[in-house]
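Structure file model32.txt with compact mmCIF, C-alpha atoms:
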```txt
# COMPACT_ATOMS: atom_id res chain seq x y z
CA MET K 1 177.99 -26.21 33.80
CA THR K 2 177.84 -28.37 30.67
CA THR K 3 176.99 -26.45 27.51
CA ALA K 4 176.16 -27.54 23.97
CA CYS K 5 179.53 -26.44 22.64
CA GLU K 6 181.25 -28.98 24.94
CA TYR K 7 179.28 -31.93 23.60
CA LYS K 8 181.31 -34.49 21.66
CA PRO K 9 179.38 -37.29 19.90
CA GLY K 10 180.69 -40.63 21.09
CA LEU K 11 182.74 -38.80 23.77
CA GLU K 12 185.48 -38.48 21.16
CA GLY K 13 188.71 -37.30 22.71
CA ILE K 14 187.22 -36.91 26.19
CA PRO K 15 189.24 -38.71 28.91
CA ALA K 16 187.09 -41.21 30.81
CA ALA K 17 189.77 -42.60 33.14
CA GLN K 18 193.39 -42.44 34.15
CA SER K 19 195.13 -45.68 33.20
CA SER K 20 198.59 -47.22 33.05
CA VAL K 21 197.46 -50.37 31.22
CA SER K 22 198.29 -49.37 27.64
CA TYR K 23 199.31 -46.42 25.48
CA ILE K 24 198.69 -45.42 21.87
CA ASP K 25 200.19 -42.71 19.69
CA GLY K 26 198.05 -42.99 16.59
CA LYS K 27 200.16 -40.59 14.55
CA LYS K 28 203.48 -42.30 15.25
CA GLY K 29 202.20 -45.89 15.11
CA ILE K 30 202.99 -46.70 18.74
CA LEU K 31 201.11 -49.24 20.86
CA GLU K 32 202.53 -50.22 24.26
CA TYR K 33 201.29 -52.56 26.97
CA ARG K 34 202.51 -51.32 30.36
CA GLY K 35 205.19 -49.37 28.50
CA ILE K 36 206.48 -52.29 26.39
CA PRO K 37 206.09 -51.95 22.57
CA ILE K 38 203.63 -54.41 21.06
CA GLU K 39 206.22 -55.39 18.45
CA GLU K 40 208.49 -56.77 21.19
CA LEU K 41 205.76 -58.58 23.06
CA ALA K 42 204.39 -60.20 19.91
CA VAL K 43 207.66 -61.96 19.09
CA LYS K 44 209.27 -62.42 22.53
CA SER K 45 206.38 -63.16 24.87
CA THR K 46 203.33 -65.42 25.09
CA PHE K 47 199.68 -64.53 25.48
CA LEU K 48 199.48 -65.70 29.10
CA GLU K 49 202.62 -63.77 30.01
CA VAL K 50 201.12 -60.69 28.38
CA ALA K 51 197.85 -61.27 30.23
CA TYR K 52 199.79 -61.40 33.50
CA LEU K 53 201.63 -58.21 32.56
CA LEU K 54 198.40 -56.36 31.77
CA ILE K 55 196.45 -57.54 34.80
CA TRP K 56 199.14 -57.35 37.49
CA GLY K 57 201.19 -54.55 35.99
CA LYS K 58 204.53 -56.33 35.71
CA LEU K 59 206.24 -59.14 33.86
CA PRO K 60 206.10 -62.32 35.95
CA THR K 61 209.06 -64.24 37.24
CA LYS K 62 209.58 -67.73 35.89
CA GLU K 63 207.90 -69.16 39.01
CA GLU K 64 204.98 -66.73 38.87
CA LEU K 65 204.29 -67.48 35.22
CA ALA K 66 204.50 -71.23 35.76
CA ALA K 67 202.03 -71.02 38.65
CA PHE K 68 199.67 -68.83 36.59
CA GLU K 69 199.78 -71.21 33.61
CA THR K 70 199.16 -74.22 35.89
CA GLU K 71 196.12 -72.58 37.47
CA ILE K 72 194.63 -71.73 34.08
CA ARG K 73 195.30 -75.23 32.74
CA TYR K 74 193.50 -76.68 35.77
CA HIS K 75 190.40 -74.48 35.32
CA ARG K 76 189.84 -74.93 31.57
CA ARG K 77 186.87 -77.26 31.95
CA ILE K 78 183.34 -75.94 32.34
CA LYS K 79 180.60 -77.31 34.59
CA TYR K 80 178.19 -79.75 32.96
CA ARG K 81 175.25 -77.47 33.77
CA ILE K 82 176.78 -74.69 31.70
CA ARG K 83 177.47 -77.18 28.92
CA ASP K 84 173.84 -78.40 29.10
CA MET K 85 172.62 -74.81 28.98
CA MET K 86 174.70 -74.19 25.87
CA LYS K 87 173.19 -77.25 24.19
CA CYS K 88 169.84 -75.43 24.34
CA PHE K 89 171.14 -72.44 22.39
CA PRO K 90 169.77 -72.23 18.81
CA GLU K 91 172.19 -73.67 16.28
CA THR K 92 171.76 -70.57 14.12
CA GLY K 93 172.63 -68.19 16.96
CA HIS K 94 175.74 -66.07 16.61
CA PRO K 95 178.70 -67.28 18.70
CA MET K 96 179.05 -63.82 20.26
CA ASP K 97 175.55 -64.06 21.71
CA ALA K 98 176.39 -67.53 23.01
CA LEU K 99 179.60 -66.21 24.55
CA GLN K 100 177.91 -63.28 26.26
CA THR K 101 175.26 -65.55 27.76
CA SER K 102 177.82 -68.14 28.86
CA ALA K 103 180.13 -65.56 30.42
CA ALA K 104 177.24 -64.14 32.42
CA ALA K 105 176.25 -67.66 33.51
CA LEU K 106 179.65 -68.16 35.10
CA GLY K 107 178.59 -65.59 37.67
CA LEU K 108 175.81 -67.91 38.85
CA PHE K 109 178.43 -70.42 39.91
CA TYR K 110 181.36 -68.29 41.03
CA SER K 111 180.15 -64.80 41.94
CA ARG K 112 180.63 -63.68 45.55
CA ARG K 113 181.32 -60.00 44.82
CA ALA K 114 184.17 -60.20 47.32
CA LEU K 115 185.99 -57.40 45.58
CA ASP K 116 188.19 -56.68 48.58
CA ASP K 117 189.47 -60.27 48.61
CA GLN K 118 192.63 -60.67 46.50
CA ALA K 119 192.20 -64.46 46.41
CA TYR K 120 188.72 -64.03 44.89
CA ILE K 121 190.05 -61.54 42.34
CA ARG K 122 192.81 -63.91 41.26
CA ALA K 123 190.38 -66.83 41.04
CA ALA K 124 188.02 -64.79 38.86
CA VAL K 125 190.90 -63.77 36.56
CA VAL K 126 192.01 -67.38 36.21
CA ARG K 127 188.52 -68.76 35.60
CA LEU K 128 187.62 -66.18 32.96
CA LEU K 129 190.88 -66.56 31.06
CA ALA K 130 190.64 -70.35 31.29
CA LYS K 131 186.96 -70.95 30.55
CA ILE K 132 186.10 -68.37 27.88
CA PRO K 133 188.08 -70.25 25.15
CA THR K 134 186.50 -73.54 26.21
CA MET K 135 183.01 -72.06 25.89
CA VAL K 136 183.70 -70.62 22.44
CA ALA K 137 185.00 -73.95 21.17
CA ALA K 138 182.23 -75.91 22.90
CA PHE K 139 179.44 -73.87 21.29
CA HIS K 140 181.06 -74.28 17.89
CA MET K 141 181.13 -78.06 18.25
CA MET K 142 177.61 -78.32 19.72
CA ARG K 143 175.97 -76.20 17.03
CA ARG K 144 177.24 -78.80 14.56
CA GLY K 145 175.62 -81.58 16.57
CA ASN K 146 178.83 -82.80 18.20
CA ASP K 147 179.91 -83.12 21.82
CA PRO K 148 182.51 -80.56 22.92
CA VAL K 149 186.14 -81.57 22.73
CA GLN K 150 187.62 -81.72 26.23
CA PRO K 151 190.70 -79.56 26.91
CA ASN K 152 194.05 -81.25 26.38
CA ASP K 153 196.22 -80.74 29.46
CA ASP K 154 199.37 -81.45 27.46
CA LEU K 155 198.84 -78.37 25.24
CA ASP K 156 199.48 -74.74 26.05
CA TYR K 157 196.80 -72.04 25.93
CA SER K 158 196.64 -71.29 22.21
CA ALA K 159 197.36 -74.81 20.94
CA ASN K 160 194.65 -76.17 23.24
CA PHE K 161 192.03 -73.78 21.85
CA LEU K 162 192.82 -74.76 18.26
CA TYR K 163 192.67 -78.40 19.32
CA MET K 164 189.22 -77.98 20.93
CA LEU K 165 188.03 -76.20 17.81
CA THR K 166 189.34 -78.58 15.14
CA GLU K 167 189.86 -81.90 16.98
CA ARG K 168 193.45 -82.01 15.83
CA ILE K 169 196.68 -80.94 17.44
CA PRO K 170 197.93 -77.88 15.54
CA ASP K 171 201.44 -77.73 14.20
CA PRO K 172 203.80 -75.44 16.15
CA GLN K 173 203.72 -72.66 13.55
CA GLU K 174 199.92 -72.47 13.65
CA ALA K 175 199.85 -72.37 17.45
CA GLU K 176 202.60 -69.75 17.61
CA ILE K 177 200.96 -67.42 15.10
CA PHE K 178 197.59 -67.79 16.81
CA ASP K 179 199.22 -66.96 20.16
CA ARG K 180 200.77 -63.85 18.62
CA CYS K 181 197.35 -62.83 17.32
CA LEU K 182 195.92 -63.07 20.82
CA ILE K 183 198.69 -60.77 22.06
CA LEU K 184 197.81 -58.16 19.43
CA HIS K 185 194.14 -58.11 20.43
CA ALA K 186 194.64 -58.24 24.20
CA GLU K 187 194.35 -54.51 24.92
CA HIS K 188 193.72 -51.21 23.14
CA THR K 189 193.18 -48.36 25.63
CA MET K 190 189.71 -46.86 26.12
CA ASN K 191 187.78 -48.48 23.27
CA ALA K 192 184.02 -49.07 23.42
CA SER K 193 184.10 -52.50 25.08
CA THR K 194 186.74 -51.44 27.62
CA PHE K 195 184.67 -48.37 28.49
CA SER K 196 181.65 -50.66 28.88
CA ALA K 197 183.68 -52.91 31.17
CA ARG K 198 184.80 -50.00 33.33
CA VAL K 199 181.30 -48.53 33.57
CA THR K 200 179.92 -51.91 34.64
CA ALA K 201 182.83 -52.46 37.03
CA SER K 202 182.22 -49.08 38.64
CA THR K 203 178.92 -50.36 40.04
CA LEU K 204 180.92 -53.01 41.98
CA THR K 205 179.10 -55.88 40.33
CA ASP K 206 180.88 -59.20 39.85
CA PRO K 207 183.63 -59.64 37.20
CA TYR K 208 181.55 -62.11 35.20
CA ALA K 209 178.92 -59.43 34.57
CA VAL K 210 181.74 -57.03 33.66
CA ILE K 211 183.05 -59.41 31.00
CA ALA K 212 179.55 -60.23 29.71
CA SER K 213 178.89 -56.50 29.31
CA ALA K 214 182.13 -56.03 27.40
CA VAL K 215 181.41 -59.02 25.14
CA GLY K 216 178.03 -57.55 24.25
CA THR K 217 179.69 -54.28 23.29
CA LEU K 218 182.39 -56.03 21.27
CA ALA K 219 179.73 -57.84 19.23
CA GLY K 220 178.80 -54.70 17.27
CA PRO K 221 180.12 -54.42 13.69
CA LEU K 222 181.66 -51.02 14.43
CA HIS K 223 183.87 -52.61 17.07
CA GLY K 224 184.76 -56.31 16.97
CA GLY K 225 182.69 -57.54 14.06
CA ALA K 226 184.61 -55.78 11.31
CA ASN K 227 186.97 -58.64 10.41
CA GLU K 228 184.02 -60.79 9.39
CA GLU K 229 182.81 -57.99 7.14
CA VAL K 230 186.28 -57.52 5.63
CA LEU K 231 186.19 -61.06 4.27
CA GLU K 232 182.63 -60.55 3.01
CA MET K 233 183.84 -57.44 1.18
CA LEU K 234 186.83 -59.27 -0.33
CA GLU K 235 184.59 -62.11 -1.44
CA GLU K 236 182.19 -59.60 -3.02
CA ILE K 237 185.07 -58.04 -4.96
CA GLY K 238 186.06 -61.52 -6.08
CA SER K 239 189.28 -60.87 -7.97
CA VAL K 240 192.16 -58.44 -8.35
CA ASP K 241 190.76 -57.30 -11.69
CA ASN K 242 187.53 -56.22 -10.02
CA VAL K 243 189.15 -54.01 -7.36
CA HIS K 244 189.09 -50.79 -9.40
CA PRO K 245 185.49 -51.26 -10.65
CA TYR K 246 184.34 -52.11 -7.12
CA VAL K 247 185.98 -49.02 -5.62
CA GLU K 248 184.63 -46.75 -8.36
CA LYS K 249 181.12 -48.14 -7.94
CA CYS K 250 181.16 -47.69 -4.15
CA LEU K 251 182.55 -44.14 -4.26
CA LYS K 252 180.13 -43.14 -7.00
CA GLN K 253 177.18 -44.31 -4.91
CA ASN K 254 178.58 -42.64 -1.79
CA PRO K 255 181.79 -40.56 -1.74
CA LYS K 256 182.04 -41.34 1.99
CA HIS K 257 181.58 -45.09 1.56
CA LYS K 258 182.95 -47.10 4.49
CA PHE K 259 185.39 -49.78 3.34
CA MET K 260 185.55 -52.35 6.11
CA GLY K 261 188.93 -52.66 7.79
CA PHE K 262 189.99 -49.11 6.88
CA GLY K 263 190.22 -46.17 9.20
CA HIS K 264 190.21 -45.90 12.97
CA ARG K 265 189.24 -43.32 15.56
CA VAL K 266 192.80 -43.38 16.92
CA TRP K 267 195.16 -44.67 14.22
CA LYS K 268 196.15 -42.11 11.55
CA VAL K 269 198.89 -44.33 10.10
CA LYS K 270 198.77 -48.01 9.21
CA ASP K 271 197.94 -49.89 12.38
CA PRO K 272 201.15 -51.62 13.53
CA ARG K 273 199.06 -54.70 14.32
CA ALA K 274 197.89 -54.80 10.70
CA ILE K 275 201.51 -54.71 9.55
CA MET K 276 202.39 -57.69 11.75
CA LEU K 277 199.28 -59.63 10.76
CA GLN K 278 200.07 -59.12 7.09
CA ASN K 279 203.56 -60.52 7.65
CA TRP K 280 202.20 -63.51 9.56
CA ALA K 281 199.66 -64.17 6.83
CA GLU K 282 202.50 -64.44 4.35
CA GLU K 283 204.32 -66.81 6.73
CA LEU K 284 201.29 -69.06 6.82
CA PHE K 285 200.83 -68.92 3.05
CA GLU K 286 204.35 -70.20 2.48
CA LYS K 287 203.47 -73.41 4.30
CA LYS K 288 199.72 -73.80 3.86
CA GLY K 289 199.09 -72.19 0.47
CA ARG K 290 198.01 -68.70 -0.49
CA ASP K 291 194.52 -67.42 0.29
CA GLU K 292 192.81 -66.44 -2.95
CA TYR K 293 191.60 -63.16 -1.45
CA TYR K 294 194.93 -62.00 -0.04
CA ASP K 295 196.00 -60.45 -3.35
CA VAL K 296 192.61 -58.73 -3.52
CA ALA K 297 193.24 -57.24 -0.08
CA VAL K 298 196.73 -56.02 -1.02
CA LYS K 299 195.42 -54.45 -4.23
CA LEU K 300 192.50 -52.79 -2.46
CA GLU K 301 194.85 -51.29 0.13
CA LYS K 302 197.09 -49.87 -2.62
CA VAL K 303 194.17 -48.41 -4.56
CA LEU K 304 192.52 -46.75 -1.57
CA VAL K 305 195.63 -45.52 0.25
CA GLU K 306 197.72 -44.41 -2.72
CA GLU K 307 195.35 -43.74 -5.59
CA LYS K 308 192.21 -42.54 -3.83
CA GLY K 309 194.00 -40.42 -1.24
CA PHE K 310 192.88 -42.30 1.84
CA GLY K 311 196.42 -42.16 3.17
CA GLU K 312 196.48 -38.37 2.92
CA ARG K 313 193.38 -38.34 5.15
CA GLY K 314 194.92 -40.72 7.68
CA ILE K 315 192.78 -43.70 6.62
CA TYR K 316 194.79 -46.93 6.57
CA PRO K 317 194.16 -50.64 7.25
CA ASN K 318 193.40 -51.37 10.88
CA VAL K 319 193.84 -54.61 12.84
CA ASP K 320 190.70 -56.14 11.33
CA TYR K 321 191.88 -55.90 7.74
CA TYR K 322 194.30 -58.85 7.65
CA SER K 323 193.31 -60.75 10.81
CA GLY K 324 190.44 -62.60 9.13
CA LEU K 325 192.76 -63.92 6.41
CA VAL K 326 195.09 -65.28 9.10
CA TYR K 327 192.27 -66.88 11.09
CA ARG K 328 190.71 -68.46 8.04
CA LYS K 329 194.03 -70.02 7.06
CA LEU K 330 194.13 -71.51 10.57
CA GLY K 331 190.80 -73.21 9.83
CA ILE K 332 188.67 -70.88 11.94
CA PRO K 333 185.12 -70.12 10.67
CA ASN K 334 184.31 -66.48 9.92
CA ASP K 335 181.73 -66.07 12.66
CA LEU K 336 184.27 -67.09 15.31
CA PHE K 337 186.62 -64.21 14.49
CA THR K 338 184.96 -61.83 16.94
CA PRO K 339 184.66 -64.40 19.76
CA ILE K 340 188.41 -65.00 19.36
CA PHE K 341 188.89 -61.25 19.65
CA GLY K 342 186.92 -61.58 22.90
CA ILE K 343 189.07 -64.47 24.16
CA SER K 344 192.08 -62.21 23.83
CA ARG K 345 190.52 -58.97 25.04
CA VAL K 346 189.42 -60.60 28.29
CA ALA K 347 192.97 -59.89 29.47
CA GLY K 348 192.63 -56.16 28.81
CA TRP K 349 189.11 -55.98 30.25
CA LEU K 350 190.28 -57.67 33.44
CA ALA K 351 193.23 -55.29 33.69
CA HIS K 352 190.85 -52.33 33.52
CA TRP K 353 188.45 -54.01 35.95
CA LYS K 354 191.23 -54.33 38.54
CA GLU K 355 192.39 -50.78 37.87
CA GLN K 356 188.84 -49.44 38.23
CA LEU K 357 188.44 -51.14 41.60
CA GLU K 358 191.56 -49.44 42.93
CA VAL K 359 190.17 -45.90 42.55
CA ASN K 360 186.51 -46.59 42.02
CA ARG K 361 183.85 -43.95 41.55
CA ILE K 362 180.65 -44.95 39.77
CA TYR K 363 180.34 -43.48 36.28
CA ARG K 364 177.59 -40.88 36.08
CA PRO K 365 178.06 -38.63 33.05
CA THR K 366 175.65 -35.81 32.38
CA GLN K 367 173.64 -35.03 29.24
CA ILE K 368 172.51 -32.10 27.15
CA TYR K 369 168.73 -32.06 27.13
CA THR K 370 167.18 -31.29 23.73
CA GLY K 371 163.48 -31.89 24.45
CA ASP K 372 160.51 -29.67 25.27
CA HIS K 373 159.47 -28.15 28.60
CA ALA K 374 156.21 -27.45 30.47
CA LEU K 375 153.93 -29.36 28.09
CA SER K 376 150.38 -30.08 29.23
CA TYR K 377 149.06 -33.59 29.69
CA ILE K 378 146.45 -34.42 27.00
CA PRO K 379 143.64 -36.75 28.15
CA MET K 380 143.19 -39.93 26.11
CA GLU K 381 139.87 -38.77 24.57
CA GLU K 382 141.38 -35.54 23.32
CA ARG K 383 144.42 -37.38 21.94
CA VAL K 384 142.12 -39.62 19.85
CA VAL K 385 140.15 -36.61 18.52
CA SER K 386 143.38 -34.79 17.72
CA LEU K 387 144.74 -37.75 15.75
CA GLN K 388 141.49 -38.16 13.81
CA ARG K 389 141.48 -34.48 12.86
CA ASN K 390 144.98 -34.94 11.49
CA GLY K 391 143.89 -37.93 9.40
CA LYS K 392 145.79 -40.51 11.46
CA ASN K 393 144.51 -43.85 12.74
```

Reformat the file's structure so that it appears as structure tokens.
Amino acid sequence: MTTACEYKPGLEGIPAAQSSVSYIDGKKGILEYRGIPIEELAVKSTFLEVAYLLIWGKLPTKEELAAFETEIRYHRRIKYRIRDMMKCFPETGHPMDALQTSAAALGLFYSRRALDDQAYIRAAVVRLLAKIPTMVAAFHMMRRGNDPVQPNDDLDYSANFLYMLTERIPDPQEAEIFDRCLILHAEHTMNASTFSARVTASTLTDPYAVIASAVGTLAGPLHGGANEEVLEMLEEIGSVDNVHPYVEKCLKQNPKHKFMGFGHRVWKVKDPRAIMLQNWAEELFEKKGRDEYYDVAVKLEKVLVEEKGFGERGIYPNVDYYSGLVYRKLGIPNDLFTPIFGISRVAGWLAHWKEQLEVNRIYRPTQIYTGDHALSYIPMEERVVSLQRNGKN
């Protein structure tokens, strides 16, 4: 029987599934996809190869990867009815809301819920990986009053997305670093959006609803929206000289002030993804010029971790801290940071969707009731008299 002492807010530390998709040791700084360290995958693999690894549980052969890439290249375009629907979205709407709606709309065209059909499962995987980037780029162009840029079949996955977003073919360094970023964000064990995906998947609904559910969860600032807020924080600080005064002001107002991009439920050392992103930011700066807020970020990390004792409490930069600086240098607007997170995380969500189907049991957690019992129903007339006696309208 569940008792109050067993309750953990946010289900912290409570296993919700058995999974072989990824592994984290937050104290040792280890992140593995299917047993392979993220540091190796980020420099030796590609995003689509990693997606294949996550979803099918093994590295593909040369022929398997080529076939997978060809299928995704073929399915990049979206139906004109979806494009027309997106043209009706408000220009001021957030791209994450547009993405969630568009992902759900795919189910109107492709859902059969044939979850015992491996051909249907593969087709859904391909369509979602192929079309989600196109929809993100299309909404960005349409909200500016422009027609979407059609996919370029001569470009690989990451280069094509940057092309659709900026109308220019990116240089190889930009495309490579962006592809690495997608690898870093592709999977991260049982986080909020992955849990949402598995709960939705457990009802045996279609995969498009699963992804739409996960996108909606990712949209929250406590999950995927933090990298936008990191840049807002750095811009508010303004300069290296203002780091100390800013920190002192925030901690004076609230000793438990939340500095965006710091701390994580799992990581108790500096997130290895943040380390790689910081290095890649410096690579980009050498060629494209330094971001004015990068030095502010480095200084803020030093002050909080070393001087204010955040490191002693296991609070370090997470993946969101430097990712926004990388994306901005690639010419990506701030409010597209989280949708790009979603483009990447589709791979992990689909891996968990497939895994959930293999041993499915619908999620039905219990609760600890904290309300009253055996109250009497009060007729409307008596409720009005009671409120008036208490001086309420």

Contact check, segment 254-325 of chain K to segment 331-339 of chain K, at most 10 Å, counting only C-alpha atoms, closest pairs as JSON lines:
```
{"residue": "K:Asp320", "atom": "CA", "partner": "K:Phe337", "partner_atom": "CA", "distance": 9.6}
{"residue": "K:Ser323", "atom": "CA", "partner": "K:Phe337", "partner_atom": "CA", "distance": 8.4}
{"residue": "K:Gly324", "atom": "CA", "partner": "K:Phe337", "partner_atom": "CA", "distance": 6.8}
{"residue": "K:Leu325", "atom": "CA", "partner": "K:Asn334", "partner_atom": "CA", "distance": 9.5}
```

*Could you please determine the separation between atom CA of Gly314 of chain K and atom CA of Arg265 of chain K in Å, to one decimal place?*
10.1 Å

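Residues with any atom within 9 Å of Ala16 of chain K, counting all atoms listed in the file and excluding same-chain neighbours fewer than 3 positions away, are Leu11, Met190, Phe195 and Tyr363 of chain K.
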
*Name the residues in contact with segment 95-105 of chain K at a cut-off of 8 Å, using only C-alpha atoms, excluding same-chain residues fewer than 6 positions from it; report them as a PyMOL selection string.*
chain K and resi 82+86+89+128+132+135-136+139-140+208-209+211-213+215-216+219+335-336+338-339

*If we count all atoms listed in the file, what is near segment 22-39 of chain K at a cut-off of 12 Å, once residues fewer than 2 positions away on the same chain are taken out, given as a PyMOL selection string?*
chain K and resi 18-20+41-47+49-59+180-191+194+263-277+313-316+318+347-349+351-352+355

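Using all atoms listed in the file, the shortest contact distance between Val346 of chain K and any of K:Pro207, K:Gly93, K:Gly107, K:Gly220 is found at K:Pro207.
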